[in-house]
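Have a look at model-v4.cif; it's mmCIF, C-alpha atoms:
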data_final
#
loop_
_atom_site.label_atom_id
_atom_site.label_comp_id
_atom_site.auth_asym_id
_atom_site.auth_seq_id
_atom_site.Cartn_x
_atom_site.Cartn_y
_atom_site.Cartn_z
CA MET A 1251 7.08 5.79 -15.41
CA GLN A 1252 4.65 6.85 -12.72
CA VAL A 1253 6.08 8.10 -9.42
CA GLY A 1254 4.44 7.98 -6.01
CA LEU A 1255 5.26 9.21 -2.51
CA PHE A 1256 5.69 6.54 0.17
CA GLY A 1257 5.11 6.93 3.92
CA ALA A 1258 2.94 9.95 3.23
CA ASN A 1259 0.86 9.95 6.43
CA VAL A 1260 3.66 10.49 8.94
CA MET A 1261 5.89 13.33 10.20
CA ARG A 1262 4.62 16.78 9.13
CA PHE A 1263 2.00 15.22 6.86
CA ALA A 1264 0.26 13.41 9.74
CA THR A 1265 -1.69 16.58 10.54
CA ALA A 1266 -4.83 17.84 8.82
CA ALA A 1267 -3.03 20.85 7.38
CA GLY A 1268 0.03 18.85 6.36
CA ALA A 1269 -2.02 16.16 4.62
CA ALA A 1270 -4.03 18.70 2.65
CA GLU A 1271 -0.88 20.61 1.69
CA LEU A 1272 0.84 17.43 0.48
CA ALA A 1273 -2.23 16.29 -1.48
CA GLY A 1274 -2.45 19.54 -3.41
CA ALA A 1275 1.28 19.92 -3.99
CA ALA A 1276 1.91 16.34 -5.07
CA GLU A 1277 -1.09 16.30 -7.40
CA ALA A 1278 -0.12 19.62 -9.00
CA ALA A 1279 3.46 18.41 -9.53
CA GLY A 1280 2.30 15.24 -11.27
CA PHE A 1281 2.93 12.54 -8.70
CA ASP A 1282 0.45 9.76 -9.36
CA SER A 1283 -0.11 8.37 -5.86
CA LEU A 1284 0.29 8.78 -2.10
CA TRP A 1285 1.12 5.66 -0.05
CA THR A 1286 0.42 5.36 3.67
CA ALA A 1287 2.04 3.42 6.50
CA GLU A 1288 0.11 1.58 9.23
CA HIS A 1289 0.46 0.46 12.80
CA VAL A 1290 -2.54 0.45 15.11
CA LEU A 1291 -0.32 0.09 18.17
CA TRP A 1292 3.34 0.66 19.04
CA PRO A 1293 4.29 -1.88 21.72
CA ASP A 1294 6.84 -0.76 24.30
CA GLY A 1295 10.08 -2.73 24.12
CA TYR A 1296 9.01 -4.90 21.19
CA GLU A 1297 11.39 -7.71 20.27
CA SER A 1298 10.13 -8.40 16.74
CA GLU A 1299 12.64 -7.35 14.08
CA TYR A 1300 11.58 -4.52 11.80
CA PRO A 1301 12.54 -5.90 8.36
CA TYR A 1302 12.95 -2.63 6.46
CA ALA A 1303 15.86 -0.93 8.23
CA GLU A 1304 19.26 -1.84 9.62
CA GLY A 1305 19.06 -2.40 13.34
CA GLY A 1306 15.59 -3.92 13.16
CA ARG A 1307 13.80 -0.96 14.76
CA MET A 1308 11.01 1.21 13.34
CA PRO A 1309 11.90 4.84 12.65
CA GLY A 1310 10.56 7.23 15.27
CA ASP A 1311 9.33 6.23 18.71
CA ALA A 1312 6.13 5.35 20.53
CA SER A 1313 4.93 8.96 20.46
CA THR A 1314 5.18 9.15 16.64
CA PRO A 1315 1.72 9.81 15.13
CA ILE A 1316 0.71 7.19 12.55
CA PRO A 1317 -2.83 8.16 11.47
CA ASP A 1318 -5.22 5.44 10.38
CA PRO A 1319 -4.57 5.02 6.64
CA LEU A 1320 -8.18 4.93 5.46
CA ILE A 1321 -9.28 7.94 7.49
CA TRP A 1322 -6.16 9.90 6.47
CA LEU A 1323 -6.76 9.01 2.81
CA THR A 1324 -10.39 10.12 3.08
CA TRP A 1325 -9.16 13.53 4.21
CA VAL A 1326 -6.68 13.56 1.31
CA ALA A 1327 -9.42 12.56 -1.13
CA ALA A 1328 -11.45 15.58 -0.06
CA HIS A 1329 -8.47 17.85 -0.80
CA SER A 1330 -7.54 16.41 -4.21
CA ARG A 1331 -9.12 15.34 -7.48
CA THR A 1332 -6.96 12.83 -9.31
CA ILE A 1333 -4.09 11.50 -7.20
CA LYS A 1334 -4.38 7.81 -6.32
CA LEU A 1335 -4.95 6.86 -2.70
CA ALA A 1336 -2.78 3.90 -1.74
CA THR A 1337 -2.17 1.99 1.46
CA GLY A 1338 1.39 0.89 1.73
CA ILE A 1339 0.61 -1.30 3.46
CA LEU A 1340 -2.60 -2.14 5.35
CA ILE A 1341 -2.18 -5.04 7.80
CA VAL A 1342 -5.14 -7.10 6.61
CA PRO A 1343 -5.20 -9.98 9.15
CA GLN A 1344 -5.69 -7.47 11.98
CA ARG A 1345 -9.01 -6.30 10.49
CA GLN A 1346 -12.46 -7.86 10.15
CA PRO A 1347 -12.75 -8.41 6.37
CA ALA A 1348 -16.41 -7.44 5.85
CA VAL A 1349 -15.90 -4.19 7.74
CA LEU A 1350 -12.70 -3.55 5.78
CA ALA A 1351 -14.48 -4.27 2.48
CA LYS A 1352 -17.13 -1.70 3.39
CA GLU A 1353 -14.58 0.94 4.42
CA VAL A 1354 -12.42 0.53 1.33
CA ALA A 1355 -15.38 0.47 -1.08
CA THR A 1356 -16.82 3.59 0.55
CA LEU A 1357 -13.54 5.46 0.15
CA ASP A 1358 -13.24 4.28 -3.44
CA ASP A 1359 -16.80 5.38 -4.21
CA LEU A 1360 -16.38 8.81 -2.59
CA SER A 1361 -13.03 9.42 -4.32
CA GLY A 1362 -14.17 8.40 -7.79
CA GLY A 1363 -12.30 5.11 -7.97
CA ARG A 1364 -8.87 6.23 -6.80
CA VAL A 1365 -8.02 3.60 -4.17
CA LEU A 1366 -5.15 1.10 -4.38
CA LEU A 1367 -5.34 -1.36 -1.49
CA GLY A 1368 -1.76 -2.23 -0.63
CA ILE A 1369 -1.85 -5.16 1.77
CA GLY A 1370 0.52 -7.12 3.95
CA VAL A 1371 0.45 -9.79 6.64
CA GLY A 1372 2.39 -7.86 9.30
CA TRP A 1373 5.61 -8.53 11.17
CA LEU A 1374 5.10 -7.01 14.66
CA LYS A 1375 4.04 -9.96 16.82
CA GLU A 1376 3.56 -7.86 19.94
CA GLU A 1377 1.03 -5.66 18.12
CA PHE A 1378 -1.02 -8.71 17.13
CA GLU A 1379 -0.95 -9.96 20.71
CA ALA A 1380 -2.14 -6.63 22.07
CA LEU A 1381 -5.00 -6.60 19.56
CA GLY A 1382 -6.01 -10.15 20.49
CA VAL A 1383 -5.32 -11.39 16.95
CA PRO A 1384 -3.31 -14.59 16.39
CA PHE A 1385 0.08 -13.93 14.83
CA GLU A 1386 0.36 -17.50 13.59
CA GLY A 1387 -1.61 -18.27 10.45
CA ARG A 1388 -1.85 -14.60 9.48
CA GLY A 1389 -0.91 -15.33 5.87
CA GLU A 1390 -3.69 -17.89 5.50
CA ARG A 1391 -6.19 -15.47 7.02
CA THR A 1392 -5.02 -12.72 4.69
CA ASP A 1393 -5.66 -14.86 1.63
CA GLU A 1394 -9.18 -15.71 2.81
CA TYR A 1395 -9.94 -12.12 3.78
CA ILE A 1396 -9.00 -10.98 0.27
CA GLU A 1397 -11.39 -13.55 -1.16
CA VAL A 1398 -14.14 -12.31 1.16
CA MET A 1399 -13.62 -8.67 0.19
CA ARG A 1400 -13.67 -9.42 -3.52
CA LYS A 1401 -16.91 -11.37 -3.15
CA LEU A 1402 -18.58 -8.51 -1.30
CA TRP A 1403 -17.38 -5.99 -3.89
CA ALA A 1404 -18.52 -8.06 -6.87
CA ALA A 1405 -22.16 -8.86 -6.12
CA ASP A 1406 -25.07 -8.79 -3.69
CA SER A 1407 -26.51 -11.70 -1.73
CA VAL A 1408 -23.17 -13.48 -1.54
CA SER A 1409 -22.06 -16.35 0.68
CA HIS A 1410 -18.74 -17.56 2.03
CA ASP A 1411 -17.93 -20.70 4.00
CA GLY A 1412 -14.27 -20.63 4.93
CA LYS A 1413 -11.97 -21.55 7.76
CA HIS A 1414 -12.07 -18.08 9.32
CA VAL A 1415 -15.18 -16.40 7.88
CA THR A 1416 -18.69 -17.74 7.26
CA PHE A 1417 -21.80 -15.92 6.07
CA SER A 1418 -24.73 -16.54 3.78
CA GLY A 1419 -26.86 -14.23 1.64
CA VAL A 1420 -25.37 -10.86 2.57
CA SER A 1421 -24.73 -7.65 0.63
CA SER A 1422 -22.38 -4.73 1.13
CA ASN A 1423 -22.83 -1.39 -0.61
CA PRO A 1424 -21.63 0.91 -2.05
CA LYS A 1425 -19.54 -1.08 -4.48
CA PRO A 1426 -16.14 0.08 -5.74
CA VAL A 1427 -16.38 2.31 -8.81
CA ARG A 1428 -14.81 -0.24 -11.15
CA GLY A 1429 -16.34 -3.30 -9.52
CA ALA A 1430 -13.27 -4.00 -7.38
CA VAL A 1431 -10.38 -2.22 -5.71
CA PRO A 1432 -6.92 -3.24 -7.00
CA ILE A 1433 -5.12 -5.29 -4.35
CA VAL A 1434 -1.38 -4.63 -4.28
CA VAL A 1435 0.55 -7.22 -2.30
CA GLY A 1436 3.45 -5.76 -0.34
CA GLY A 1437 6.36 -7.38 1.44
CA HIS A 1438 10.01 -8.32 1.35
CA SER A 1439 9.79 -12.11 1.25
CA GLN A 1440 9.41 -14.75 -1.43
CA ARG A 1441 6.08 -15.67 0.17
CA ALA A 1442 4.83 -12.13 -0.48
CA ALA A 1443 5.99 -12.38 -4.10
CA GLN A 1444 4.19 -15.70 -4.45
CA ARG A 1445 1.01 -14.24 -2.96
CA ALA A 1446 1.17 -11.39 -5.47
CA GLY A 1447 1.59 -13.89 -8.30
CA VAL A 1448 -1.41 -15.95 -7.23
CA LEU A 1449 -3.93 -13.26 -6.25
CA GLY A 1450 -2.49 -9.76 -6.59
CA ASP A 1451 -3.48 -7.00 -8.99
CA GLY A 1452 -0.15 -5.42 -8.12
CA PHE A 1453 3.09 -6.09 -6.25
CA VAL A 1454 5.22 -3.75 -4.18
CA PRO A 1455 8.47 -5.41 -3.03
CA LEU A 1456 9.46 -3.39 0.02
CA GLY A 1457 12.92 -4.86 0.51
CA GLY A 1458 15.16 -7.75 -0.34
CA ASP A 1459 16.37 -8.54 -3.84
CA ILE A 1460 13.74 -6.70 -5.87
CA PRO A 1461 14.52 -8.19 -9.32
CA GLU A 1462 14.51 -11.68 -7.82
CA LEU A 1463 11.20 -11.08 -6.05
CA ILE A 1464 9.65 -9.79 -9.29
CA ASP A 1465 10.85 -12.94 -11.06
CA VAL A 1466 9.31 -15.08 -8.30
CA MET A 1467 6.03 -13.21 -8.65
CA ARG A 1468 5.95 -13.70 -12.42
CA GLN A 1469 6.90 -17.38 -12.26
CA THR A 1470 4.29 -18.04 -9.57
CA ALA A 1471 1.67 -16.31 -11.70
CA ALA A 1472 2.61 -18.46 -14.67
CA ASP A 1473 2.47 -21.62 -12.54
CA ALA A 1474 -1.02 -20.57 -11.43
CA GLY A 1475 -2.13 -20.07 -15.04
CA ARG A 1476 -2.15 -16.28 -14.77
CA ASP A 1477 -0.75 -13.71 -17.16
CA SER A 1478 1.64 -11.67 -15.02
CA SER A 1479 1.84 -8.70 -17.41
CA PRO A 1480 -1.22 -6.90 -15.96
CA ILE A 1481 0.20 -7.19 -12.40
CA GLU A 1482 1.42 -3.64 -11.76
CA VAL A 1483 4.81 -3.51 -10.04
CA THR A 1484 5.70 -0.62 -7.75
CA ALA A 1485 9.17 -0.34 -6.21
CA MET A 1486 11.84 1.86 -4.69
CA HIS A 1487 15.45 2.35 -5.76
CA ARG A 1488 18.12 4.03 -3.67
CA GLY A 1489 19.51 5.67 -6.78
CA LEU A 1490 16.40 7.81 -7.18
CA SER A 1491 17.73 10.15 -4.50
CA GLY A 1492 21.31 10.04 -5.79
CA ASP A 1493 23.24 11.91 -8.45
CA ASP A 1494 21.81 9.95 -11.38
CA PRO A 1495 18.10 9.28 -10.83
CA HIS A 1496 17.61 8.63 -14.55
CA ALA A 1497 19.89 5.59 -14.33
CA ALA A 1498 17.83 4.34 -11.41
CA LEU A 1499 14.62 4.80 -13.38
CA GLU A 1500 16.13 2.93 -16.32
CA GLU A 1501 17.12 0.05 -14.06
CA LEU A 1502 13.64 -0.08 -12.53
CA THR A 1503 12.21 -0.20 -16.05
CA SER A 1504 14.53 -3.07 -16.95
CA TRP A 1505 13.18 -4.98 -13.93
CA GLY A 1506 9.62 -4.54 -15.19
CA VAL A 1507 8.59 -1.88 -12.68
CA HIS A 1508 5.66 0.36 -13.60
CA ARG A 1509 5.78 2.86 -10.72
CA ALA A 1510 8.70 4.23 -8.71
CA LEU A 1511 8.39 5.37 -5.10
CA ILE A 1512 10.32 7.91 -3.09
CA TYR A 1513 9.84 8.66 0.59
CA ALA A 1514 7.44 11.52 1.23
CA TYR A 1515 9.77 13.08 3.80
CA ARG A 1516 11.98 14.12 0.89
CA VAL A 1517 9.38 16.70 -0.13
CA GLY A 1518 8.83 17.81 3.45
CA ARG A 1519 10.66 21.10 3.23
CA VAL A 1520 9.05 24.34 4.40
CA ASP A 1521 7.75 24.95 0.88
CA VAL A 1522 6.21 21.59 0.03
CA ALA A 1523 4.87 22.73 -3.33
CA GLU A 1524 8.31 23.89 -4.48
CA SER A 1525 9.93 20.73 -3.20
CA CYS A 1526 7.37 18.55 -5.02
CA ARG A 1527 8.04 20.46 -8.26
CA GLU A 1528 11.80 20.06 -7.87
CA TRP A 1529 11.52 16.32 -7.29
CA ALA A 1530 9.07 15.99 -10.17
CA ASP A 1531 11.52 17.74 -12.47
CA LYS A 1532 14.35 15.52 -11.26
CA LEU A 1533 12.31 12.36 -11.88
CA VAL A 1534 10.74 13.59 -15.13
CA VAL A 1535 7.20 13.54 -13.75
CA ALA A 1536 4.72 15.23 -16.10
CA PRO A 1537 1.66 16.88 -14.47
#

Rewrite the coordinates I just gave you, this time as structure tokens.
Amino acid sequence: MQVGLFGANVMRFATAAGAAELAGAAEAAGFDSLWTAEHVLWPDGYESEYPYAEGGRMPGDASTPIPDPLIWLTWVAAHSRTIKLATGILIVPQRQPAVLAKEVATLDDLSGGRVLLGIGVGWLKEEFEALGVPFEGRGERTDEYIEVMRKLWAADSVSHDGKHVTFSGVSSNPKPVRGAVPIVVGGHSQRAAQRAGVLGDGFVPLGGDIPELIDVMRQTAADAGRDSSPIEVTAMHRGLSGDDPHAALEELTSWGVHRALIYAYRVGRVDVAESCREWADKLVVAP
């Protein structure tokens, strides 16, 4: 099983030196991917509930650096050769889709086809409001924005006439190395699992009942006439950091997971290279 590092662009790795150090150490140890977090803004006194931790609050505080994922990953790409560059996740409805398509394709082209575009619809209403982006209908916009990006990646002189985006006879270059960038749908809800089943190249359940969400994704894919087997599943398991990580890996495999994730802060010791090697040995990662 492949193993990636999640939340890689925060804490000590938010800096230029830290990002470059992590890229080299993780790649040398055999980790297959680095996954970033995203928030453009941190609203003071937000009331929205953070869905991925008890207490409903994001880790850190308003002064916590959260570098832009695509710029951070470009820096990482320049300091690595093979490790995959993943957003985990990018809040798609907050971004203009043609601009995003250009940015992602450029990074993919410069990195030799290493990008995984992990996407989500967002949960922090106050952030949307501060950006002037409607919070309501964000799922519908996300689905259309994905369609727009795939059109722009696939061909030149393309047109789109949708509810939120309209254009005719436009081109965007460079194209992704393999003709498209894999879109990995992230989230903790059944709606996220359904979105992955209908239009995802991958699925990363970030919380909730992971086996159930994977089943929902696969059933939704089948209902949509899709073969779910090529949809790559990436997931975490608390047991990976416990006394028996092999049992956790076996359970992930039984769920149909292709890639395991651990939090990047776990390799954030003074000697990052040594820590990456130790975790790689523990999780049977082969460089």

Problem - Distance of atom CA of Glu1390 of chain A from atom CA of Phe1378 of chain A, expressed in Å to one decimal place - result: 15.1 Å

Set out as a tab-separated table a contact list for segment 1271-1363 of chain A and segment 1403-1410 of chain A with a cut-off of 10 Å, giving each residue of segment 1271-1363 of chain A that qualifies its closest atom pair and distance in Å to one decimal, counting all atoms listed in the file, ordered by chain and rising residue number.
residue	atom	partner	partner_atom	distance
A:Ala1348	CA	A:Trp1403	CA	9.9
A:Ala1351	CA	A:Trp1403	CA	7.2
A:Lys1352	CA	A:Trp1403	CA	8.5
A:Val1354	CA	A:Trp1403	CA	9.7
A:Ala1355	CA	A:Trp1403	CA	7.3

Practice task
Rank nothing, just name the residue among A:Val1466, A:Met1399, A:Ala1514, A:Ala1446 nearest to Asn1423 of chain A, using only C-alpha atoms.
Solution key: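 Of the candidates, the smallest distance to Asn1423 of chain A is held by A:Met1399.
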
At most 9 Å is the cut-off: for each residue in segment 1391-1463 of chain A with any atom that close to an atom of segment 1290-1308 of chain A, write down the nearest atom pair and the distance in Å rounded to one decimal, counting all atoms listed in the file, chain first then increasing number, as a tab-separated table.
residue	atom	partner	partner_atom	distance
A:His1438	CA	A:Pro1301	CA	7.8
A:Leu1456	CA	A:Tyr1302	CA	7.4
A:Gly1457	CA	A:Tyr1302	CA	6.4
A:Gly1458	CA	A:Tyr1302	CA	8.8

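Only residues having an atom at most 8 Å from (4.1, 7.7, -8.5) are included; using only C-alpha atoms, these are Met1251, Gln1252, Val1253, Gly1254, Leu1255, Phe1281, Asp1282, Ser1283, Leu1284, Arg1509, Ala1510 and Leu1511 of chain A.
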
Practice task
For a cut-off of 9 Å around (5.7, 17.8, -9.2), file coordinates, pick out all residues using all atoms listed in the file and list them as a PyMOL selection string.
Solution key: chain A and resi 1275-1281+1523-1531+1533-1537

Handout entry: Close residues, Ser1491 of chain A itself excluded, 9 Å, all atoms listed in the file, min 4 positions apart in chain, as a ChimeraX atom specification
Key = /A:1487,1495,1512,1516

Go ahead and save the residues from that selection, with C-alpha atoms, as a short mmCIF file (atom, residue, chain, number, x, y, z; two decimals), in the frame of the given file.
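The result, written out as out05.cif:
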data_model
loop_
_atom_site.label_atom_id
_atom_site.label_comp_id
_atom_site.auth_asym_id
_atom_site.auth_seq_id
_atom_site.Cartn_x
_atom_site.Cartn_y
_atom_site.Cartn_z
CA HIS A 1487 15.45 2.35 -5.76
CA PRO A 1495 18.10 9.28 -10.83
CA ILE A 1512 10.32 7.91 -3.09
CA ARG A 1516 11.98 14.12 0.89
#

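Counting all atoms listed in the file and comparing A:Glu1288, A:Glu1271, A:Asp1358, A:Glu1379, the residue that lies closest to Ser1330 of chain A is A:Glu1271.
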
Practice task
Run through the PyMOL selection byres ((chain A and resi 1444) around 9) on the given coordinates and return the selected residues as a list in words.
Solution key: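 Applying the expression gives Ser1439, Gln1440, Arg1441, Ala1442, Ala1443, Arg1445, Ala1446, Gly1447, Val1448, Leu1449, Leu1463, Val1466, Met1467, Arg1468, Gln1469, Thr1470 and Ala1471 of chain A.
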
Selection above as a file: C-alpha atoms, as a tab-separated table (two decimals), keeping the file's coordinate frame:
chain	number	residue	atom	x	y	z
A	1439	SER	CA	9.79	-12.11	1.25
A	1440	GLN	CA	9.41	-14.75	-1.43
A	1441	ARG	CA	6.08	-15.67	0.17
A	1442	ALA	CA	4.83	-12.13	-0.48
A	1443	ALA	CA	5.99	-12.38	-4.10
A	1445	ARG	CA	1.01	-14.24	-2.96
A	1446	ALA	CA	1.17	-11.39	-5.47
A	1447	GLY	CA	1.59	-13.89	-8.30
A	1448	VAL	CA	-1.41	-15.95	-7.23
A	1449	LEU	CA	-3.93	-13.26	-6.25
A	1463	LEU	CA	11.20	-11.08	-6.05
A	1466	VAL	CA	9.31	-15.08	-8.30
A	1467	MET	CA	6.03	-13.21	-8.65
A	1468	ARG	CA	5.95	-13.70	-12.42
A	1469	GLN	CA	6.90	-17.38	-12.26
A	1470	THR	CA	4.29	-18.04	-9.57
A	1471	ALA	CA	1.67	-16.31	-11.70

Problem - Distance in Å - atom CA of Gly1274 of chain A versus atom CA of His1329 of chain A - result: 6.8 Å

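Counting all atoms listed in the file, Val1454 of chain A has the following residues at most 9 Å away, ignoring those fewer than 6 positions along the same chain: A:Gly1338, A:Gly1368, A:Val1434, A:Val1435, A:Gly1436, A:Gly1437, A:His1438, A:Ala1443, A:Ala1446, A:Glu1482, A:Val1483, A:Thr1484, A:Ala1485, A:Met1486.
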